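Quick look at protein.cif (mmCIF, C-alpha atoms):
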```
data_coords
#
loop_
_atom_site.label_atom_id
_atom_site.label_comp_id
_atom_site.auth_asym_id
_atom_site.auth_seq_id
_atom_site.Cartn_x
_atom_site.Cartn_y
_atom_site.Cartn_z
CA MET A 1 98.51 104.19 135.94
CA ALA A 2 100.63 107.26 136.37
CA HIS A 3 98.88 109.36 133.74
CA PRO A 4 95.26 108.34 133.73
CA ARG A 5 94.23 110.85 131.11
CA HIS A 6 96.54 109.18 128.61
CA GLY A 7 95.23 105.77 129.44
CA SER A 8 94.54 104.84 125.86
CA MET A 9 98.03 105.75 124.78
CA LEU A 10 99.60 103.55 127.37
CA SER A 11 97.91 100.44 126.20
CA PHE A 12 101.04 99.30 124.41
CA GLY A 13 102.42 98.33 127.77
CA GLY A 14 105.34 100.73 127.85
CA GLY A 15 105.67 102.76 131.01
CA PRO A 16 105.86 106.55 130.64
CA ASN A 17 109.51 106.59 131.64
CA ASP A 18 110.59 103.64 129.62
CA THR A 19 113.30 105.11 127.43
CA ALA A 20 114.24 101.77 125.96
CA THR A 21 111.13 101.72 123.80
CA ALA A 22 112.16 102.90 120.43
CA GLU A 23 108.72 102.88 118.99
CA LYS A 24 105.44 104.52 119.89
CA PRO A 25 106.35 106.06 123.18
CA PRO A 26 103.41 107.54 125.01
CA PHE A 27 102.63 111.15 124.26
CA GLN A 28 103.53 112.74 127.49
CA ASN A 29 103.37 116.41 126.75
CA ALA A 30 100.47 116.68 124.40
CA PRO A 31 97.47 117.79 126.43
CA VAL A 32 95.04 116.45 123.81
CA PRO A 33 96.58 113.56 121.95
CA THR A 34 95.17 113.92 118.47
CA ALA A 35 96.50 112.53 115.26
CA SER A 36 97.75 115.85 113.95
CA GLN A 37 99.97 116.36 116.96
CA SER A 38 101.49 112.94 116.84
CA SER A 39 104.91 113.76 115.47
CA PRO A 40 105.93 116.40 118.02
CA GLY A 41 105.08 113.93 120.75
CA LEU A 42 107.23 111.20 119.27
CA ARG A 43 110.26 110.46 121.38
CA VAL A 44 113.17 108.76 119.75
CA PRO A 45 116.26 107.37 121.44
CA SER A 46 119.29 109.61 121.77
CA ASN A 47 120.98 108.03 118.76
CA ARG A 48 117.87 108.88 116.71
CA LYS A 49 117.40 105.27 115.72
CA THR A 50 113.98 103.71 115.92
CA ILE A 51 113.27 100.04 115.39
CA TYR A 52 112.53 100.90 111.79
CA ASP A 53 116.15 101.89 111.28
CA ARG A 54 117.48 98.54 112.36
CA HIS A 55 117.97 95.85 109.81
CA LEU A 56 115.97 92.71 110.47
CA ASN A 57 118.77 90.47 109.27
CA ARG A 58 121.29 91.97 111.61
CA SER A 59 120.74 89.32 114.25
CA ARG A 60 120.11 86.51 111.80
CA ASN A 61 123.23 84.57 112.64
CA ALA A 62 123.50 85.80 116.18
CA GLU A 63 122.86 83.27 118.89
CA LEU A 64 121.25 83.85 122.20
CA SER A 65 123.12 82.88 125.32
CA ARG A 66 121.70 79.59 126.52
CA ALA A 67 122.25 80.55 130.13
CA SER A 68 120.20 83.71 129.86
CA PHE A 69 117.47 81.89 128.02
CA ALA A 70 117.41 79.18 130.67
CA PHE A 71 117.17 81.84 133.36
CA LEU A 72 114.34 83.71 131.66
CA PHE A 73 112.48 80.56 130.83
CA SER A 74 112.70 79.25 134.37
CA GLU A 75 111.32 82.59 135.53
CA MET A 76 108.46 82.26 133.05
CA VAL A 77 107.66 78.80 134.34
CA THR A 78 107.78 79.97 137.94
CA TYR A 79 105.62 82.95 137.11
CA ALA A 80 103.04 80.73 135.49
CA GLN A 81 103.24 78.14 138.23
CA ARG A 82 102.39 80.61 140.95
CA ARG A 83 99.06 81.39 139.31
CA VAL A 84 97.65 78.04 138.41
CA THR A 85 95.73 75.22 140.01
CA GLY A 86 97.04 72.22 138.11
CA ILE A 87 99.37 70.86 135.51
CA GLN A 88 96.97 71.40 132.63
CA ASP A 89 96.43 74.97 133.65
CA LEU A 90 100.18 75.50 133.84
CA GLU A 91 100.69 74.05 130.38
CA ARG A 92 97.89 76.22 129.04
CA ARG A 93 99.61 79.29 130.42
CA LEU A 94 102.94 78.34 128.88
CA ASN A 95 101.14 77.70 125.63
CA GLU A 96 99.59 81.16 125.75
CA GLN A 97 103.00 82.71 126.31
CA GLY A 98 104.36 81.00 123.23
CA TYR A 99 101.44 81.76 120.95
CA PRO A 100 102.16 85.44 120.13
CA LEU A 101 105.76 84.47 119.54
CA GLY A 102 104.68 82.05 116.83
CA LEU A 103 102.66 84.70 115.03
CA ARG A 104 105.71 86.96 114.92
CA LEU A 105 108.24 84.35 113.99
CA LEU A 106 106.14 83.46 110.99
CA ASP A 107 106.49 86.92 109.48
CA LEU A 108 110.14 87.15 110.39
CA LEU A 109 110.89 83.76 108.90
CA PHE A 110 109.37 84.71 105.56
CA TYR A 111 110.98 88.10 105.54
CA ARG A 112 114.40 86.63 106.12
CA THR A 113 113.95 84.13 103.37
CA ILE A 114 113.03 86.83 100.86
CA ALA A 115 115.80 89.16 101.88
CA GLY A 116 118.43 86.49 102.27
CA SER A 117 117.75 84.30 99.27
CA SER A 118 119.72 86.53 96.94
CA SER A 119 122.73 87.34 99.09
CA SER A 120 123.63 84.75 101.68
CA SER A 121 124.34 81.14 100.88
CA SER A 122 123.62 79.85 104.35
CA SER A 123 120.00 80.80 103.98
CA ALA A 124 119.57 78.96 100.72
CA SER A 125 118.71 75.82 102.57
CA ALA A 126 116.50 77.56 105.07
CA LEU A 127 113.24 77.15 103.20
CA SER A 128 114.30 74.55 100.69
CA THR A 129 111.41 72.34 101.65
CA SER A 130 108.79 74.85 100.65
CA SER A 131 110.38 76.71 97.77
CA SER A 132 111.95 75.04 94.81
CA THR A 133 114.11 77.88 93.60
CA THR A 134 115.96 80.12 95.98
CA SER A 135 115.47 83.25 93.91
CA SER A 136 111.68 83.34 94.14
CA PRO A 137 110.07 84.27 97.42
CA PRO A 138 108.73 81.35 99.43
CA ASN A 139 105.12 80.41 99.13
CA ARG A 140 102.63 80.68 101.90
CA PRO A 141 101.66 77.17 102.93
CA LEU A 142 98.23 76.30 101.59
CA ARG A 143 98.04 72.64 102.54
CA ILE A 144 98.82 70.91 105.79
CA LEU A 145 101.94 69.13 104.60
CA PRO A 146 103.88 72.21 103.47
CA LEU A 147 102.93 73.85 106.75
CA LEU A 148 104.30 70.90 108.72
CA HIS A 149 107.50 70.95 106.69
CA LEU A 150 107.80 74.64 107.42
CA ILE A 151 107.55 73.96 111.15
CA HIS A 152 109.72 70.87 111.09
CA GLY A 153 112.51 72.49 109.06
CA PRO A 154 112.85 76.27 108.84
CA LEU A 155 111.03 77.17 112.06
CA TRP A 156 113.00 74.65 114.12
CA ARG A 157 116.20 75.85 112.53
CA LEU A 158 115.35 79.44 113.34
CA LEU A 159 114.60 78.56 116.96
CA PHE A 160 117.03 75.76 117.77
CA ASN A 161 119.49 75.71 114.91
CA ARG A 162 118.57 72.21 113.80
CA PRO A 163 115.51 70.55 112.28
CA ALA A 164 113.07 68.59 114.41
CA ASP A 165 113.65 64.88 114.64
CA ALA A 166 110.50 63.37 113.20
CA LEU A 167 107.25 64.25 111.53
CA GLU A 168 104.44 61.72 111.61
CA HIS A 169 100.81 61.41 110.65
CA SER A 170 98.41 59.66 112.96
CA VAL A 171 97.88 56.06 111.83
CA SER A 172 94.46 55.79 113.40
CA PRO A 173 91.65 56.27 110.87
CA ASP A 174 89.56 58.03 113.54
CA THR A 175 91.96 60.92 113.83
CA PRO A 176 93.18 61.93 110.38
CA ASN A 177 93.57 65.46 111.68
CA GLU A 178 96.39 64.57 114.07
CA TYR A 179 100.03 65.03 113.26
CA MET A 180 103.07 64.63 115.43
CA ILE A 181 106.38 66.43 115.48
CA THR A 182 109.05 64.86 117.63
CA ASP A 183 112.00 66.50 119.29
CA ASN A 184 114.39 64.03 120.93
CA ASP A 185 115.89 66.54 123.29
CA PRO A 186 113.96 69.81 123.49
CA MET A 187 116.27 72.69 124.21
CA VAL A 188 113.75 74.45 126.45
CA ASN A 189 113.63 71.50 128.83
CA THR A 190 117.40 71.19 129.22
CA TYR A 191 117.51 72.92 132.59
CA ILE A 192 114.02 72.14 133.79
CA SER A 193 113.75 69.47 136.45
CA VAL A 194 110.22 68.28 136.88
CA PRO A 195 109.33 67.00 140.36
CA ARG A 196 108.13 63.43 140.54
CA GLU A 197 104.56 64.29 141.49
CA MET A 198 104.23 66.45 138.37
CA SER A 199 105.66 63.89 135.98
CA MET A 200 102.96 64.69 133.43
CA LEU A 201 104.20 68.23 133.04
CA ASN A 202 106.19 69.12 129.98
CA CYS A 203 107.39 72.69 129.82
CA ALA A 204 107.80 72.39 126.07
CA ALA A 205 104.15 73.44 126.12
CA PHE A 206 105.75 76.81 125.47
CA VAL A 207 107.08 75.51 122.15
CA ALA A 208 103.69 73.95 121.48
CA GLY A 209 102.26 77.47 121.85
CA ILE A 210 104.73 78.77 119.29
CA ILE A 211 103.69 76.04 116.87
CA GLU A 212 100.05 76.86 117.49
CA GLY A 213 100.74 80.51 116.71
CA VAL A 214 102.41 79.58 113.45
CA CYS A 215 99.52 77.32 112.44
CA ASP A 216 96.89 79.89 113.34
CA GLY A 217 98.78 82.65 111.59
CA CYS A 218 98.84 80.65 108.37
CA GLY A 219 95.11 80.11 108.68
CA PHE A 220 95.24 76.56 110.00
CA GLU A 221 93.24 76.48 113.17
CA ALA A 222 94.94 73.95 115.43
CA LYS A 223 95.43 72.81 118.99
CA VAL A 224 98.97 71.83 119.84
CA SER A 225 100.13 70.06 122.99
CA ALA A 226 103.44 68.69 124.21
CA HIS A 227 103.72 65.15 125.60
CA ASN A 228 106.53 63.21 127.25
CA GLN A 229 107.49 60.09 125.38
CA PRO A 230 110.83 59.01 126.80
CA SER A 231 112.79 56.32 125.03
CA GLU A 232 115.88 54.56 126.30
CA MET A 233 118.19 56.68 124.30
CA TRP A 234 116.30 59.95 124.70
CA PRO A 235 114.83 60.33 128.19
CA GLY A 236 113.56 63.81 127.36
CA ARG A 237 111.89 62.95 124.07
CA THR A 238 108.87 65.17 123.49
CA VAL A 239 106.08 64.72 120.99
CA PHE A 240 104.14 67.75 119.85
CA LEU A 241 100.65 66.69 118.91
CA LEU A 242 98.93 68.92 116.36
CA ARG A 243 95.17 68.61 116.09
CA PHE A 244 93.79 70.55 113.19
CA GLY A 245 90.27 71.87 113.35
CA GLU A 246 87.25 70.75 111.39
CA SER A 247 87.38 73.74 109.02
CA VAL A 248 90.99 73.02 108.08
CA MET A 249 90.22 69.43 107.16
CA GLU A 250 87.26 70.50 105.06
CA ARG A 251 89.35 73.03 103.19
CA GLU A 252 92.07 70.44 102.76
CA LYS A 253 89.62 68.22 100.89
CA VAL A 254 88.45 71.06 98.66
CA LEU A 255 92.00 72.10 97.85
CA GLU A 256 93.00 68.52 97.13
CA LYS A 257 90.22 68.29 94.56
CA ALA A 258 91.26 71.59 93.06
CA GLY A 259 94.79 70.29 92.71
CA VAL A 260 96.40 72.91 94.91
CA LYS A 261 99.72 71.75 96.32
CA MET B 1 97.82 108.36 89.55
CA SER B 2 96.25 108.33 92.97
CA TYR B 3 96.73 105.60 95.50
CA TYR B 4 94.94 104.43 98.59
CA PHE B 5 96.75 101.87 100.70
CA THR B 6 95.24 99.85 103.53
CA ILE B 7 96.47 97.15 105.86
CA LEU B 8 93.76 94.86 107.15
CA SER B 9 94.15 92.35 109.94
CA PRO B 10 93.22 88.69 109.34
CA THR B 11 89.87 89.51 110.91
CA ASP B 12 89.31 92.45 108.54
CA ALA B 13 89.97 95.19 111.05
CA PRO B 14 91.72 98.12 109.37
CA LEU B 15 95.17 98.60 110.91
CA PHE B 16 96.55 101.36 108.77
CA ASN B 17 95.56 103.45 105.80
CA ILE B 18 97.04 106.23 103.78
CA ALA B 19 96.18 108.09 100.59
CA PHE B 20 98.89 109.45 98.35
CA GLY B 21 99.56 110.40 94.77
CA THR B 22 102.31 109.53 92.37
CA SER B 23 105.67 111.24 92.54
CA LYS B 24 106.83 109.99 89.16
CA SER B 25 106.78 112.06 85.99
CA GLY B 26 106.38 115.33 87.76
CA GLY B 27 103.63 114.25 90.13
CA ASP B 28 103.50 116.11 93.41
CA GLY B 29 102.58 113.15 95.62
CA ILE B 30 99.11 114.42 96.42
CA ALA B 31 96.18 112.09 95.92
CA ARG B 32 93.50 113.33 93.56
CA PHE B 33 90.74 110.82 93.42
CA ARG B 34 87.83 111.23 91.14
CA PHE B 35 85.39 111.31 93.94
CA PRO B 36 84.30 114.61 95.35
CA ASP B 37 85.88 115.48 98.65
CA THR B 38 82.73 114.45 100.42
CA ALA B 39 82.92 110.92 99.02
CA GLN B 40 86.37 109.76 100.10
CA TYR B 41 84.73 106.78 101.75
CA MET B 42 84.39 105.39 98.24
CA ASN B 43 88.03 104.26 98.43
CA GLN B 44 87.41 102.26 101.55
CA PHE B 45 84.22 100.91 100.10
CA ILE B 46 85.91 99.70 96.93
CA ILE B 47 88.89 98.23 98.75
CA HIS B 48 86.81 96.33 101.24
CA SER B 49 84.54 95.00 98.54
CA SER B 50 87.55 93.28 96.98
CA LEU B 51 88.13 91.22 100.12
CA ASP B 52 85.95 88.40 98.86
CA ILE B 53 88.21 88.01 95.87
CA VAL B 54 91.30 88.12 98.06
CA GLU B 55 89.94 85.34 100.21
CA GLU B 56 89.25 83.23 97.16
CA ALA B 57 92.65 83.86 95.60
CA GLN B 58 94.40 83.33 98.90
CA TRP B 59 93.99 79.55 98.82
CA MET B 60 94.58 79.05 95.13
CA ASN B 61 97.96 80.70 94.96
CA GLY B 62 100.71 80.55 97.52
CA ASN B 63 102.48 83.73 96.51
CA MET B 64 102.53 86.61 98.90
CA TYR B 65 101.95 89.16 96.16
CA LEU B 66 98.67 88.33 94.48
CA LYS B 67 99.04 91.05 91.84
CA HIS B 68 96.13 93.00 90.48
CA ILE B 69 93.06 91.16 91.66
CA ASP B 70 90.08 93.42 91.22
CA THR B 71 88.80 96.32 89.17
CA TYR B 72 86.00 98.69 89.88
CA PRO B 73 85.15 100.01 86.42
CA PRO B 74 82.87 102.95 87.33
CA ALA B 75 85.77 104.66 89.06
CA GLN B 76 88.52 102.98 87.04
CA ALA B 77 89.97 101.79 90.30
CA TYR B 78 92.41 98.89 90.30
CA ILE B 79 93.21 96.87 93.38
CA SER B 80 96.40 94.96 94.08
CA ALA B 81 96.82 92.69 97.04
CA PHE B 82 99.67 91.33 99.10
CA LEU B 83 99.24 88.76 101.83
CA THR B 84 101.63 88.29 104.69
CA PRO B 85 102.11 84.70 105.85
CA SER B 86 100.43 85.59 109.11
CA GLY B 87 97.27 86.64 107.32
CA ALA B 88 97.42 90.44 107.23
CA ARG B 89 96.33 91.84 103.89
CA PHE B 90 97.91 94.80 102.18
CA LEU B 91 95.55 96.31 99.65
CA LEU B 92 96.46 99.07 97.25
CA LEU B 93 93.83 100.88 95.26
CA HIS B 94 95.21 102.75 92.30
CA GLN B 95 93.35 105.07 90.02
CA PRO B 96 94.97 106.51 86.93
CA PRO B 97 94.59 110.23 86.40
CA GLN B 98 91.67 111.27 84.33
CA LEU B 99 92.77 112.21 80.88
CA PRO B 100 91.29 115.25 79.23
CA SER B 101 88.51 113.84 77.11
CA SER B 102 90.07 115.04 73.84
CA THR B 103 93.22 112.93 74.23
CA SER B 104 91.43 109.92 75.64
CA SER B 105 90.79 107.08 73.23
CA SER B 106 89.25 104.62 75.65
CA GLY B 107 85.84 106.18 75.79
CA GLY B 108 83.99 103.64 77.88
CA ASN B 109 85.21 104.60 81.31
CA THR B 110 85.73 108.30 81.03
CA GLY B 111 82.04 108.91 80.61
CA SER B 112 81.01 107.12 83.72
CA SER B 113 83.59 108.77 85.91
CA SER B 114 81.96 112.12 85.41
CA LEU B 115 79.24 110.86 87.66
CA LEU B 116 81.71 110.91 90.50
CA GLY B 117 82.80 114.45 90.72
CA SER B 118 83.95 115.77 87.40
CA SER B 119 84.48 119.26 88.65
CA PHE B 120 87.06 118.18 91.18
CA SER B 121 89.25 116.06 88.97
CA ALA B 122 89.00 118.19 85.84
CA SER B 123 90.21 121.31 87.54
CA ALA B 124 92.88 119.55 89.55
CA LEU B 125 94.45 117.57 86.78
CA GLY B 126 93.93 119.79 83.78
CA GLY B 127 97.51 120.68 83.02
CA GLY B 128 99.75 117.98 84.35
CA SER B 129 98.02 114.84 83.24
CA SER B 130 99.06 114.96 79.61
CA GLY B 131 102.68 114.66 80.65
CA ARG B 132 101.93 111.63 82.78
CA ALA B 133 100.00 109.80 80.13
CA SER B 134 102.91 108.49 78.10
CA SER B 135 102.54 104.77 77.52
CA SER B 136 105.66 103.82 79.47
CA SER B 137 104.69 105.48 82.71
CA ILE B 138 103.17 103.49 85.52
CA ALA B 139 100.21 105.77 85.73
CA ALA B 140 98.95 105.16 82.22
CA ASN B 141 98.87 101.39 82.44
CA PRO B 142 97.57 100.04 85.72
CA THR B 143 97.80 96.42 84.58
CA ALA B 144 101.12 96.56 82.73
CA PRO B 145 104.03 94.39 83.91
CA GLN B 146 106.01 97.47 84.95
CA THR B 147 103.16 98.53 87.20
CA GLU B 148 102.91 95.08 88.72
CA GLU B 149 106.63 95.13 89.38
CA ALA B 150 106.51 98.59 90.92
CA VAL B 151 103.62 97.63 93.17
CA ARG B 152 105.44 94.44 94.16
CA GLN B 153 108.50 96.43 95.17
CA PHE B 154 106.31 98.82 97.12
CA MET B 155 104.55 95.95 98.90
CA ASN B 156 107.84 94.27 99.78
CA GLU B 157 109.16 97.45 101.28
CA VAL B 158 106.01 97.96 103.32
CA TYR B 159 106.21 94.31 104.37
CA GLU B 160 109.69 94.86 105.74
CA ASN B 161 108.43 97.72 107.87
CA TYR B 162 105.36 95.76 108.86
CA VAL B 163 107.56 92.93 110.14
CA LYS B 164 109.51 95.46 112.19
CA THR B 165 106.25 96.70 113.67
CA VAL B 166 105.09 93.19 114.46
CA MET B 167 108.39 92.32 116.11
CA SER B 168 107.98 95.18 118.54
CA PRO B 169 107.18 93.74 121.95
CA PHE B 170 104.68 96.55 122.48
CA TYR B 171 102.63 95.64 119.45
CA ARG B 172 99.98 92.98 119.58
CA VAL B 173 98.71 91.44 116.37
CA GLY B 174 95.49 93.19 115.44
CA LEU B 175 96.29 96.57 116.93
CA GLU B 176 96.13 99.68 114.82
CA ILE B 177 99.57 100.80 113.61
CA LYS B 178 99.93 104.31 114.95
CA SER B 179 103.62 104.88 114.58
CA PRO B 180 104.39 108.08 112.66
CA VAL B 181 107.71 106.53 111.67
CA PHE B 182 105.88 103.69 109.99
CA ARG B 183 103.66 106.17 108.16
CA ALA B 184 106.71 108.09 106.98
CA ARG B 185 108.30 104.87 105.79
CA VAL B 186 105.24 103.92 103.77
CA THR B 187 105.11 107.38 102.26
CA ALA B 188 108.76 107.10 101.31
CA ALA B 189 108.18 103.70 99.73
CA GLY B 190 105.30 105.18 97.74
CA ARG B 191 107.50 108.00 96.52
CA LYS B 192 110.23 105.58 95.57
CA TRP B 193 108.21 103.03 93.61
CA LEU B 194 104.85 104.46 92.60
#
```

Representation of the structure as structure tokens:
Amino acid sequence: MAHPRHGSMLSFGGGPNDTATAEKPPFQNAPVPTASQSSPGLRVPSNRKTIYDRHLNRSRNAELSRASFAFLFSEMVTYAQRRVTGIQDLERRLNEQGYPLGLRLLDLLFYRTIAGSSSSSSSASALSTSSSTTSSPPNRPLRILPLLHLIHGPLWRLLFNRPADALEHSVSPDTPNEYMITDNDPMVNTYISVPREMSMLNCAAFVAGIIEGVCDGCGFEAKVSAHNQPSEMWPGRTVFLLRFGESVMEREKVLEKAGVK
Amino acid sequence: MSYYFTILSPTDAPLFNIAFGTSKSGGDGIARFRFPDTAQYMNQFIIHSSLDIVEEAQWMNGNMYLKHIDTYPPAQAYISAFLTPSGARFLLLHQPPQLPSSTSSSGGNTGSSSLLGSSFSASALGGGSSGRASSSSIAANPTAPQTEEAVRQFMNEVYENYVKTVMSPFYRVGLEIKSPVFRARVTAAGRKWL
């Protein structure tokens, strides 16, 4: 830590010389960082634009280069792999990397649906599964099924530009809390070659983490894992298994009685 | 009208709070609550006590803006709530200005508010409040549709800025929002809508 006396201010993770951070740069010059002195210590980029000046819909239709994503993702996998003891541990780490992303995407997804429902026609279909009219803001999912539709449709479209391939409920009566979302060809695994001795590994655990973040953010405590289920036509088919917690199932029963949809 | 706005994390940790007054109808944007200066914690107390109601309403109604959900009659404080999909709660306490007792027709509440610092509010609001009390203004009618609409607009604008905060890679969900830019944005939204 370069400036130990400002240790608390650096907890955002930005280095003291990181000029790319538009928001909340550390207070370098203030000898005693108190609240009243906060604005003189604020450093803004040279064009005077903070993240609050950028429109959230600006990158709505922009697409990320697949090559750069593949590069970054392979680095993430390598980074995680160097620090683990087994496949499960590796998948847990990937899951943890995806989780905060899910929490954020949730807010962004809803914001874009509010802001875009009046202007752009392409967004009209974005949340059609959870909102009946495009003019009213979308509803927060209260029951499991709307939540799953949100993940299966709008979230997948936001991430991969297409809906997921299947949504299933566990047929076993012992596990009514299990749901499955299938992706025939997960984009994240496109450039990942899994060695034979690690055939259990599925790097879509990262996406499972995103799903888990979305579920948790909505108040549905869940454990999500990614499993290989190759078929003849889709060798990379991945099933995301969602296991909702006890409390969610209890609430589901109460809400069902109350007639909440 | 005086306002107290708080953002609470899903685990009830306060992330942000700000007190401000109305800027409409000649208001100067300074909060004048009816509590004495030494009792500003009353705002926090009232807001947090409405959390139980928020948590009940949260699962009955899928809207993000839950409208006016709670009232604290002794202080004539009204509370409106907004829930983000990720579980953060935006709570706005609003308290209409105290009318001079001669012009006030709703006697029930004015009497009790004198318990909470009459000297402060009477001196501060003596002149200007009569102008703000017209029936169409937001301040006079905390539960009127216009007020609900204004609060909704305010909440949506704050939500936009909140999303920007959350999208920052240096922000983790549950951290206090310290950005002075965010504070300025919320203040501006308050001036615009409330």

Discussion item. Set the distance at 7 Å and use only C-alpha atoms: which residues neighbour segment 199-211 of chain A once local chain neighbours fewer than 3 positions away are removed? I'd like the list as a PyMOL selection string.
Written reply: chain A and resi 87+91+94-99+101-102+188-189+194-196+214-215+224-228+240

Residues of chain B that have any atom at most 12 Å from an atom of chain A: could you tabulate them with the shortest-distance atom pair and the distance in Å to one decimal, using only C-alpha atoms, ordered by chain and increasing number, as JSON lines?
```
{"residue": "B:Ser9", "atom": "CA", "partner": "A:Gly217", "partner_atom": "CA", "distance": 10.9}
{"residue": "B:Pro10", "atom": "CA", "partner": "A:Gly217", "partner_atom": "CA", "distance": 8.5}
{"residue": "B:Thr11", "atom": "CA", "partner": "A:Gly219", "partner_atom": "CA", "distance": 11.0}
{"residue": "B:Glu55", "atom": "CA", "partner": "A:Gly219", "partner_atom": "CA", "distance": 11.2}
{"residue": "B:Glu56", "atom": "CA", "partner": "A:Leu255", "partner_atom": "CA", "distance": 11.5}
{"residue": "B:Ala57", "atom": "CA", "partner": "A:Leu142", "partner_atom": "CA", "distance": 11.1}
{"residue": "B:Gln58", "atom": "CA", "partner": "A:Leu142", "partner_atom": "CA", "distance": 8.4}
{"residue": "B:Trp59", "atom": "CA", "partner": "A:Leu142", "partner_atom": "CA", "distance": 6.0}
{"residue": "B:Met60", "atom": "CA", "partner": "A:Val260", "partner_atom": "CA", "distance": 6.4}
{"residue": "B:Asn61", "atom": "CA", "partner": "A:Val260", "partner_atom": "CA", "distance": 7.9}
{"residue": "B:Gly62", "atom": "CA", "partner": "A:Asn139", "partner_atom": "CA", "distance": 4.7}
{"residue": "B:Asn63", "atom": "CA", "partner": "A:Asn139", "partner_atom": "CA", "distance": 5.0}
{"residue": "B:Met64", "atom": "CA", "partner": "A:Arg140", "partner_atom": "CA", "distance": 6.6}
{"residue": "B:Tyr65", "atom": "CA", "partner": "A:Pro137", "partner_atom": "CA", "distance": 9.6}
{"residue": "B:Leu66", "atom": "CA", "partner": "A:Asn139", "partner_atom": "CA", "distance": 11.2}
{"residue": "B:Phe82", "atom": "CA", "partner": "A:Arg140", "partner_atom": "CA", "distance": 11.4}
{"residue": "B:Leu83", "atom": "CA", "partner": "A:Arg140", "partner_atom": "CA", "distance": 8.8}
{"residue": "B:Thr84", "atom": "CA", "partner": "A:Asp107", "partner_atom": "CA", "distance": 7.0}
{"residue": "B:Pro85", "atom": "CA", "partner": "A:Arg140", "partner_atom": "CA", "distance": 5.7}
{"residue": "B:Ser86", "atom": "CA", "partner": "A:Gly217", "partner_atom": "CA", "distance": 4.2}
{"residue": "B:Gly87", "atom": "CA", "partner": "A:Gly217", "partner_atom": "CA", "distance": 6.0}
{"residue": "B:Ala88", "atom": "CA", "partner": "A:Gly217", "partner_atom": "CA", "distance": 9.0}
{"residue": "B:Arg152", "atom": "CA", "partner": "A:Pro137", "partner_atom": "CA", "distance": 11.6}
{"residue": "B:Asn156", "atom": "CA", "partner": "A:Tyr111", "partner_atom": "CA", "distance": 9.0}
{"residue": "B:Glu157", "atom": "CA", "partner": "A:Tyr111", "partner_atom": "CA", "distance": 10.4}
{"residue": "B:Val158", "atom": "CA", "partner": "A:Tyr52", "partner_atom": "CA", "distance": 11.1}
{"residue": "B:Tyr159", "atom": "CA", "partner": "A:Tyr111", "partner_atom": "CA", "distance": 7.9}
{"residue": "B:Glu160", "atom": "CA", "partner": "A:Tyr111", "partner_atom": "CA", "distance": 6.9}
{"residue": "B:Asn161", "atom": "CA", "partner": "A:Tyr52", "partner_atom": "CA", "distance": 6.5}
{"residue": "B:Tyr162", "atom": "CA", "partner": "A:Asp107", "partner_atom": "CA", "distance": 8.9}
{"residue": "B:Val163", "atom": "CA", "partner": "A:Asp107", "partner_atom": "CA", "distance": 6.1}
{"residue": "B:Lys164", "atom": "CA", "partner": "A:Tyr52", "partner_atom": "CA", "distance": 6.2}
{"residue": "B:Thr165", "atom": "CA", "partner": "A:Tyr52", "partner_atom": "CA", "distance": 7.8}
{"residue": "B:Val166", "atom": "CA", "partner": "A:Arg104", "partner_atom": "CA", "distance": 6.3}
{"residue": "B:Met167", "atom": "CA", "partner": "A:Arg104", "partner_atom": "CA", "distance": 6.1}
{"residue": "B:Ser168", "atom": "CA", "partner": "A:Glu23", "partner_atom": "CA", "distance": 7.7}
{"residue": "B:Pro169", "atom": "CA", "partner": "A:Phe12", "partner_atom": "CA", "distance": 8.6}
{"residue": "B:Phe170", "atom": "CA", "partner": "A:Phe12", "partner_atom": "CA", "distance": 5.0}
{"residue": "B:Tyr171", "atom": "CA", "partner": "A:Phe12", "partner_atom": "CA", "distance": 6.4}
{"residue": "B:Arg172", "atom": "CA", "partner": "A:Pro100", "partner_atom": "CA", "distance": 7.9}
{"residue": "B:Val173", "atom": "CA", "partner": "A:Pro100", "partner_atom": "CA", "distance": 7.9}
{"residue": "B:Gly174", "atom": "CA", "partner": "A:Leu103", "partner_atom": "CA", "distance": 11.1}
{"residue": "B:Leu175", "atom": "CA", "partner": "A:Phe12", "partner_atom": "CA", "distance": 9.3}
{"residue": "B:Glu176", "atom": "CA", "partner": "A:Phe12", "partner_atom": "CA", "distance": 10.8}
{"residue": "B:Ile177", "atom": "CA", "partner": "A:Lys24", "partner_atom": "CA", "distance": 9.4}
{"residue": "B:Lys178", "atom": "CA", "partner": "A:Lys24", "partner_atom": "CA", "distance": 7.4}
{"residue": "B:Ser179", "atom": "CA", "partner": "A:Lys24", "partner_atom": "CA", "distance": 5.6}
{"residue": "B:Pro180", "atom": "CA", "partner": "A:Ser39", "partner_atom": "CA", "distance": 6.4}
{"residue": "B:Val181", "atom": "CA", "partner": "A:Tyr52", "partner_atom": "CA", "distance": 7.4}
{"residue": "B:Phe182", "atom": "CA", "partner": "A:Tyr52", "partner_atom": "CA", "distance": 7.4}
{"residue": "B:Arg183", "atom": "CA", "partner": "A:Ser39", "partner_atom": "CA", "distance": 10.6}
{"residue": "B:Ala184", "atom": "CA", "partner": "A:Ser39", "partner_atom": "CA", "distance": 10.4}
{"residue": "B:Arg185", "atom": "CA", "partner": "A:Tyr52", "partner_atom": "CA", "distance": 8.3}
{"residue": "B:Val186", "atom": "CA", "partner": "A:Tyr52", "partner_atom": "CA", "distance": 11.3}
```

Practice prompt. Between atom CA of Arg34 of chain B and atom CA of Pro97 of chain B, measure the distance and give it in Å to one decimal.
Written response: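 Distance reported for this atom pair: 8.3 Å.
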